[in-house]
file structure.tsv (TSV, C-alpha atoms and all ligand atoms)
chain	number	residue	atom	x	y	z
A	1	MET	CA	-57.96	75.68	-51.86
A	2	SER	CA	-57.77	78.14	-49.02
A	3	VAL	CA	-59.65	77.38	-45.79
A	4	TRP	CA	-60.38	80.33	-43.51
A	5	ALA	CA	-61.73	79.87	-39.99
A	6	ILE	CA	-63.86	82.38	-38.09
A	7	LEU	CA	-63.61	81.87	-34.33
A	8	VAL	CA	-66.60	83.57	-32.72
A	9	ALA	CA	-65.82	84.57	-29.14
A	10	ALA	CA	-67.84	87.77	-28.81
A	11	GLY	CA	-70.71	86.55	-26.61
A	12	ARG	CA	-71.34	88.06	-23.19
A	13	GLY	CA	-71.67	84.72	-21.41
A	14	GLU	CA	-74.74	85.82	-19.48
A	15	ARG	CA	-75.57	82.30	-18.31
A	16	LEU	CA	-72.05	81.85	-16.94
A	17	GLY	CA	-72.56	85.09	-15.01
A	18	LEU	CA	-68.93	86.20	-14.55
A	19	ASP	CA	-67.54	89.75	-14.41
A	20	ARG	CA	-66.02	89.27	-17.89
A	21	PRO	CA	-67.03	87.68	-21.19
A	22	LYS	CA	-67.12	83.89	-21.42
A	23	ALA	CA	-64.08	83.80	-23.75
A	24	PHE	CA	-61.99	85.14	-20.87
A	25	ALA	CA	-63.38	82.81	-18.19
A	26	SER	CA	-60.68	80.64	-16.60
A	27	LEU	CA	-60.16	77.16	-17.98
A	28	GLY	CA	-57.38	75.77	-15.80
A	29	ASP	CA	-54.96	78.70	-15.57
A	30	GLU	CA	-55.73	80.21	-18.98
A	31	PRO	CA	-58.56	82.15	-20.56
A	32	LEU	CA	-61.04	79.78	-22.25
A	33	LEU	CA	-60.25	81.34	-25.65
A	34	ALA	CA	-56.63	80.07	-25.57
A	35	GLU	CA	-57.59	76.42	-26.10
A	36	PRO	CA	-59.75	76.66	-29.27
A	37	LEU	CA	-57.45	79.31	-30.73
A	38	ARG	CA	-54.35	77.13	-30.26
A	39	ARG	CA	-56.14	74.09	-31.68
A	40	LEU	CA	-57.41	75.94	-34.77
A	41	ASP	CA	-53.97	77.44	-35.38
A	42	ALA	CA	-52.33	74.02	-35.16
A	43	CYS	CA	-54.94	72.34	-37.39
A	44	PRO	CA	-53.31	71.34	-40.69
A	45	TRP	CA	-56.56	71.96	-42.64
A	46	VAL	CA	-56.83	75.60	-41.59
A	47	ASP	CA	-54.88	78.28	-43.50
A	48	ALA	CA	-56.03	81.52	-41.87
A	49	ILE	CA	-58.07	82.63	-38.85
A	50	VAL	CA	-60.30	85.62	-38.11
A	51	LEU	CA	-60.87	86.13	-34.41
A	52	VAL	CA	-64.12	87.81	-33.37
A	53	ALA	CA	-63.65	89.25	-29.88
A	54	PRO	CA	-66.07	90.72	-27.35
A	55	PRO	CA	-66.38	94.48	-28.05
A	56	GLY	CA	-63.68	96.24	-25.99
A	57	TRP	CA	-61.66	93.01	-25.61
A	58	GLU	CA	-59.83	93.08	-28.98
A	59	GLU	CA	-56.51	94.06	-27.33
A	60	PRO	CA	-56.38	91.17	-24.84
A	61	ALA	CA	-57.53	88.80	-27.61
A	62	ILE	CA	-54.69	89.90	-29.92
A	63	LEU	CA	-52.18	89.68	-27.05
A	64	LEU	CA	-53.34	86.15	-26.27
A	65	ALA	CA	-52.96	85.12	-29.93
A	66	GLU	CA	-49.42	86.56	-29.91
A	67	GLU	CA	-48.52	84.87	-26.63
A	68	GLU	CA	-49.72	81.56	-28.00
A	69	GLY	CA	-47.73	82.08	-31.19
A	70	CYS	CA	-50.84	81.75	-33.36
A	71	GLY	CA	-49.35	82.80	-36.70
A	72	LYS	CA	-52.49	82.10	-38.75
A	73	VAL	CA	-54.53	84.91	-37.16
A	74	ARG	CA	-55.09	87.49	-39.93
A	75	ALA	CA	-57.53	89.81	-38.16
A	76	CYS	CA	-59.26	90.42	-34.84
A	77	VAL	CA	-62.53	92.34	-34.92
A	78	PRO	CA	-65.22	93.16	-32.36
A	79	GLY	CA	-68.40	91.10	-32.56
A	80	GLY	CA	-71.99	92.27	-32.73
A	81	GLU	CA	-75.22	92.00	-30.78
A	82	THR	CA	-76.10	88.47	-31.97
A	83	ARG	CA	-74.01	85.48	-33.00
A	84	SER	CA	-75.01	86.05	-36.64
A	85	ASP	CA	-73.82	89.67	-36.39
A	86	SER	CA	-70.50	88.45	-35.03
A	87	VAL	CA	-70.11	85.94	-37.88
A	88	ARG	CA	-70.84	88.76	-40.35
A	89	ALA	CA	-68.14	90.92	-38.72
A	90	GLY	CA	-65.69	88.04	-39.13
A	91	LEU	CA	-66.75	87.29	-42.71
A	92	ALA	CA	-65.94	90.87	-43.69
A	93	GLU	CA	-62.29	90.11	-42.87
A	94	VAL	CA	-62.12	86.78	-44.71
A	95	GLY	CA	-59.86	87.03	-47.75
A	96	ASP	CA	-61.02	86.77	-51.36
A	97	ASP	CA	-58.83	83.67	-51.70
A	98	ALA	CA	-61.10	81.73	-49.33
A	99	LEU	CA	-62.86	78.80	-50.97
A	100	VAL	CA	-64.11	77.37	-47.70
A	101	VAL	CA	-65.03	79.04	-44.42
A	102	LEU	CA	-65.19	77.17	-41.13
A	103	VAL	CA	-67.15	78.83	-38.34
A	104	HIS	CA	-66.38	77.71	-34.79
A	105	ASP	CA	-67.69	78.70	-31.34
A	106	ALA	CA	-64.90	79.62	-28.93
A	107	ALA	CA	-67.26	78.27	-26.27
A	108	ARG	CA	-66.49	74.75	-27.62
A	109	PRO	CA	-62.79	74.59	-26.74
A	110	LEU	CA	-62.04	70.93	-27.44
A	111	LEU	CA	-61.85	71.04	-31.23
A	112	SER	CA	-60.06	68.13	-32.94
A	113	ASP	CA	-58.40	67.82	-36.35
A	114	ASP	CA	-60.59	64.75	-36.98
A	115	VAL	CA	-63.85	66.68	-36.71
A	116	VAL	CA	-62.47	69.45	-38.95
A	117	GLU	CA	-61.57	66.80	-41.52
A	118	ARG	CA	-65.07	65.27	-41.27
A	119	VAL	CA	-66.83	68.58	-41.96
A	120	LEU	CA	-64.52	69.57	-44.82
A	121	ALA	CA	-64.66	66.32	-46.80
A	122	PRO	CA	-68.30	66.45	-48.07
A	123	LEU	CA	-67.82	69.96	-49.53
A	124	SER	CA	-65.93	68.38	-52.43
A	125	GLU	CA	-69.00	66.18	-53.09
A	126	GLY	CA	-71.21	69.17	-53.80
A	127	TRP	CA	-72.68	69.98	-50.37
A	128	ASP	CA	-73.06	73.69	-49.56
A	129	GLY	CA	-72.48	73.23	-45.86
A	130	VAL	CA	-71.53	70.50	-43.39
A	131	VAL	CA	-72.23	70.44	-39.64
A	132	PRO	CA	-71.10	68.03	-36.92
A	133	GLY	CA	-73.84	66.57	-34.75
A	134	LEU	CA	-74.74	63.90	-32.23
A	135	PRO	CA	-77.89	61.79	-32.67
A	136	VAL	CA	-80.36	62.74	-29.92
A	137	GLY	CA	-80.35	59.95	-27.34
A	138	ASP	CA	-82.87	61.08	-24.76
A	139	THR	CA	-86.63	60.80	-25.08
A	140	LEU	CA	-88.07	64.14	-26.17
A	141	LYS	CA	-91.25	65.66	-24.76
A	142	ARG	CA	-93.01	68.93	-25.39
A	143	ALA	CA	-94.35	70.52	-22.19
A	144	ALA	CA	-96.32	73.60	-21.14
A	145	PRO	CA	-94.59	76.29	-19.01
A	146	ASP	CA	-96.02	74.64	-15.85
A	147	GLY	CA	-94.34	71.34	-16.82
A	148	ALA	CA	-97.49	69.55	-17.99
A	149	VAL	CA	-96.41	67.16	-20.75
A	150	GLN	CA	-98.28	67.72	-23.99
A	151	GLU	CA	-96.68	65.12	-26.23
A	152	THR	CA	-93.74	62.81	-26.76
A	153	VAL	CA	-91.82	63.85	-29.85
A	154	SER	CA	-90.13	61.23	-32.02
A	155	ARG	CA	-86.35	61.58	-31.94
A	156	ASP	CA	-86.08	59.79	-35.28
A	157	GLY	CA	-83.62	61.66	-37.48
A	158	LEU	CA	-82.95	64.35	-34.86
A	159	TRP	CA	-79.40	65.58	-34.23
A	160	ALA	CA	-77.94	67.98	-31.69
A	161	VAL	CA	-75.73	70.16	-33.86
A	162	GLN	CA	-72.32	71.55	-32.91
A	163	THR	CA	-69.51	73.56	-34.50
A	164	PRO	CA	-67.13	73.74	-36.41
A	165	GLN	CA	-69.46	74.17	-39.38
A	166	ALA	CA	-67.94	74.25	-42.88
A	167	PHE	CA	-69.31	76.12	-45.90
A	168	VAL	CA	-68.44	77.00	-49.44
A	169	ALA	CA	-67.28	80.60	-48.88
A	170	GLU	CA	-69.58	82.12	-51.49
A	171	THR	CA	-72.61	80.33	-50.03
A	172	LEU	CA	-71.88	81.57	-46.52
A	173	ARG	CA	-71.39	85.14	-47.74
A	174	ARG	CA	-74.72	85.03	-49.58
A	175	ALA	CA	-76.51	83.52	-46.56
A	176	HIS	CA	-75.29	86.35	-44.32
A	177	ALA	CA	-75.83	89.15	-46.83
A	178	GLY	CA	-79.43	89.77	-45.81
A	179	GLY	CA	-78.61	90.56	-42.17
A	180	ALA	CA	-80.84	87.72	-40.93
A	181	ASP	CA	-80.41	85.97	-37.60
A	182	ALA	CA	-80.26	82.27	-36.70
A	183	THR	CA	-78.75	80.25	-33.86
A	184	ASP	CA	-76.21	78.72	-36.26
A	185	CYS	CA	-74.82	79.53	-39.70
A	186	ALA	CA	-76.28	76.41	-41.25
A	187	GLY	CA	-79.76	77.70	-40.42
A	188	LEU	CA	-79.20	80.71	-42.67
A	189	VAL	CA	-77.75	78.56	-45.47
A	190	GLU	CA	-80.75	76.18	-45.22
A	191	ALA	CA	-83.16	79.12	-45.32
A	192	GLY	CA	-81.54	80.20	-48.59
A	193	GLY	CA	-82.13	76.76	-50.12
A	194	GLY	CA	-78.60	75.44	-49.51
A	195	ARG	CA	-77.93	71.72	-49.08
A	196	VAL	CA	-76.45	71.03	-45.65
A	197	LYS	CA	-75.16	67.65	-44.49
A	198	VAL	CA	-74.73	66.47	-40.90
A	199	VAL	CA	-71.74	64.28	-40.02
A	200	GLU	CA	-70.62	62.64	-36.78
A	201	GLY	CA	-69.67	65.25	-34.18
A	202	ASP	CA	-67.81	64.75	-30.92
A	203	PRO	CA	-69.18	64.66	-27.33
A	204	ARG	CA	-66.06	66.61	-26.31
A	205	LEU	CA	-67.28	69.54	-28.40
A	206	LEU	CA	-69.51	70.34	-25.44
A	207	LYS	CA	-70.35	74.05	-25.36
A	208	VAL	CA	-69.50	75.92	-22.17
A	209	THR	CA	-72.79	77.39	-20.99
A	210	SER	CA	-72.59	77.16	-17.18
A	211	ALA	CA	-69.81	76.78	-14.60
A	212	SER	CA	-70.24	73.00	-14.42
A	213	ASP	CA	-69.41	72.76	-18.16
A	214	LEU	CA	-66.08	74.50	-17.47
A	215	ASP	CA	-65.30	71.96	-14.72
A	216	ARG	CA	-66.20	69.06	-17.01
A	217	ILE	CA	-64.03	70.34	-19.86
A	218	ALA	CA	-61.12	71.05	-17.48
A	219	SER	CA	-61.34	67.42	-16.32
A	220	TRP	CA	-61.06	66.22	-19.95
A	221	LEU	CA	-57.90	68.25	-20.61
B	301	LIG	N1	-71.22	84.70	-29.83
B	301	LIG	C1	-70.68	85.80	-30.48
B	301	LIG	N2	-71.37	86.97	-30.53
B	301	LIG	C2	-72.58	87.08	-29.94
B	301	LIG	C3	-73.15	85.98	-29.28
B	301	LIG	C4	-72.44	84.78	-29.23
B	301	LIG	O1	-69.56	85.70	-31.02
B	301	LIG	N3	-73.22	88.26	-29.98
B	301	LIG	C5	-70.44	83.45	-29.75
B	301	LIG	C6	-70.04	83.13	-28.31
B	301	LIG	O2	-68.87	83.83	-27.95
B	301	LIG	C7	-69.87	81.63	-28.34
B	301	LIG	C8	-70.84	81.19	-29.45
B	301	LIG	O3	-71.19	82.37	-30.19
B	301	LIG	O4	-68.55	81.24	-28.69
B	301	LIG	C9	-72.08	80.50	-28.89
B	301	LIG	O5	-72.80	81.42	-28.11
B	301	LIG	P1	-73.29	81.16	-26.60
B	301	LIG	O6	-72.83	79.85	-26.11
B	301	LIG	O7	-74.72	81.52	-26.51
B	301	LIG	O8	-72.39	82.25	-25.80
B	301	LIG	P2	-72.84	83.60	-25.14
B	301	LIG	O9	-73.82	84.30	-26.00
B	301	LIG	O10	-71.58	84.32	-24.77
B	301	LIG	O11	-73.50	83.10	-23.79
B	301	LIG	P3	-74.95	83.54	-23.19
B	301	LIG	O12	-75.95	83.18	-24.26
B	301	LIG	O13	-75.08	82.76	-21.92
B	301	LIG	O14	-74.85	85.03	-22.97
B	302	MG	MG	-75.75	83.37	-26.42

call {"tool": "encode", "arguments": {"input": "structure.tsv", "output": "structure tokens"}}
result
Amino acid sequence: MSVWAILVAAGRGERLGLDRPKAFASLGDEPLLAEPLRRLDACPWVDAIVLVAPPGWEEPAILLAEEEGCGKVRACVPGGETRSDSVRAGLAEVGDDALVVLVHDAARPLLSDDVVERVLAPLSEGWDGVVPGLPVGDTLKRAAPDGAVQETVSRDGLWAVQTPQAFVAETLRRAHAGGADATDCAGLVEAGGGRVKVVEGDPRLLKVTSASDLDRIASWL
């Protein structure tokens, strides 16, 4: 069984607000992208990697992969306008030998082998997709734009979902064939009637959105 990983790093990072894409923001003395790339390459469950770079940043992304000695990188392609477009660009480079595709956000640098193992395992039990998540701990309220609370929403059965997300390759290809958009890949698989399971994620899979997230992740390294 061949497991291919798509590392999506093509976002602009508008909320981070730097002069370069988020994947090339500094984490310690390296570009953010170096950490998740190195971890995916070293992961024993991953056979091959497709890197999806910010348009115009393919060269520096390939150079970084070479510098880090990431021998599993098979292709580096520019991403698209939305995250789903970027995943589609990566999927086009995934080999026909792929039975499973893992999709991971470069913005979540602290990937572990354990979480990869947790999302891969249920695929052999017949699930179409598996996502890591954390049960929602805070009380949830719906509010109007002016802040007026309208209702308290039950958090029963609610999960905050992360990446890496694992899919049967054929299912993921079908889900992306229509050109639809969703905030994660599982959303497209669910919309197509696929069975998706959530497993325990990892608080360290925090996604870098703002500068304080970068500081927090740097302190965990
Ligand atoms: N992503 C991508 N292509 C896009 C948009 C997002 O590959 N067109 C990737 C990002 O690089 C990131 C992940 O999807 O690894 C999650 O996206 P997000 O955290 O929203 O990153 P950005 O879109 O870069 O940030 P922002 O929304 O603040 O612009
Ligand atoms: Mg975004």

call {"tool": "residues_near_ligand", "arguments": {"input": "structure.tsv", "ligand": "ligand LIG 301 (chain B)", "cutoff": "8 Å", "atoms": "only C-alpha atoms and all ligand atoms", "output": "PyMOL selection string"}}
result
chain A and resi 7-17+21-23+52-54+79-87+104-108+207-210

call {"tool": "residues_around", "arguments": {"input": "structure.tsv", "residues": "Ala218 in chain A", "least_positions_apart": "3", "cutoff": "9 Å", "atoms": "only C-alpha atoms", "output": "number ranges by chain"}}
result
A: 27-28, 213-215, 221

call {"tool": "residues_around", "arguments": {"input": "structure.tsv", "residues": "Ala180 in chain A", "least_positions_apart": "3", "cutoff": "12 Å", "atoms": "all atoms listed in the file", "output": "PyMOL selection string"}}
result
chain A and resi 82-88+173-177+183-185+187-189+191-192

call {"tool": "write_last_selection", "arguments": {"input": "structure.tsv", "atoms": "C-alpha atoms", "output": "PDB file, keeping the file's coordinate frame"}}
result
ATOM      1  CA  THR A  82     -76.100  88.470 -31.970  1.00  0.00           C
ATOM      2  CA  ARG A  83     -74.010  85.480 -33.000  1.00  0.00           C
ATOM      3  CA  SER A  84     -75.010  86.050 -36.640  1.00  0.00           C
ATOM      4  CA  ASP A  85     -73.820  89.670 -36.390  1.00  0.00           C
ATOM      5  CA  SER A  86     -70.500  88.450 -35.030  1.00  0.00           C
ATOM      6  CA  VAL A  87     -70.110  85.940 -37.880  1.00  0.00           C
ATOM      7  CA  ARG A  88     -70.840  88.760 -40.350  1.00  0.00           C
ATOM      8  CA  ARG A 173     -71.390  85.140 -47.740  1.00  0.00           C
ATOM      9  CA  ARG A 174     -74.720  85.030 -49.580  1.00  0.00           C
ATOM     10  CA  ALA A 175     -76.510  83.520 -46.560  1.00  0.00           C
ATOM     11  CA  HIS A 176     -75.290  86.350 -44.320  1.00  0.00           C
ATOM     12  CA  ALA A 177     -75.830  89.150 -46.830  1.00  0.00           C
ATOM     13  CA  THR A 183     -78.750  80.250 -33.860  1.00  0.00           C
ATOM     14  CA  ASP A 184     -76.210  78.720 -36.260  1.00  0.00           C
ATOM     15  CA  CYS A 185     -74.820  79.530 -39.700  1.00  0.00           C
ATOM     16  CA  GLY A 187     -79.760  77.700 -40.420  1.00  0.00           C
ATOM     17  CA  LEU A 188     -79.200  80.710 -42.670  1.00  0.00           C
ATOM     18  CA  VAL A 189     -77.750  78.560 -45.470  1.00  0.00           C
ATOM     19  CA  ALA A 191     -83.160  79.120 -45.320  1.00  0.00           C
ATOM     20  CA  GLY A 192     -81.540  80.200 -48.590  1.00  0.00           C
TER      21      GLY A 192
END

call {"tool": "atom_distance", "arguments": {"input": "structure.tsv", "atom1": "CA of Val196 in chain A", "atom2": "CA of Glu117 in chain A"}}
result
16.0 Å

call {"tool": "atom_distance", "arguments": {"input": "structure.tsv", "atom1": "CA of Leu32 in chain A", "atom2": "CA of Asp47 in chain A"}}
result
22.2 Å

call {"tool": "closest_residue", "arguments": {"input": "structure.tsv", "among": "A:Ala182, A:Leu102, A:Val116, A:Val153", "to": "ligand MG 302 (chain B)", "atoms": "all atoms listed in the file"}}
result
A:Ala182

call {"tool": "axis_aligned_box", "arguments": {"input": "structure.tsv", "around": "range 145-151 of chain A", "padding_each_side": "4 Å", "output": "AutoDock Vina command-line options"}}
result
--center_x -96.3 --center_y 70.7 --center_z -21.0 --size_x 11.9 --size_y 19.2 --size_z 18.4

call {"tool": "residues_around", "arguments": {"input": "structure.tsv", "residues": "Arg142 in chain A", "least_positions_apart": "4", "cutoff": "12 Å", "atoms": "only C-alpha atoms", "output": "list in words"}}
result
Asp146, Gly147, Ala148, Val149, Gln150, Glu151, Thr152, Val153, Ser154 and Arg155 of chain A
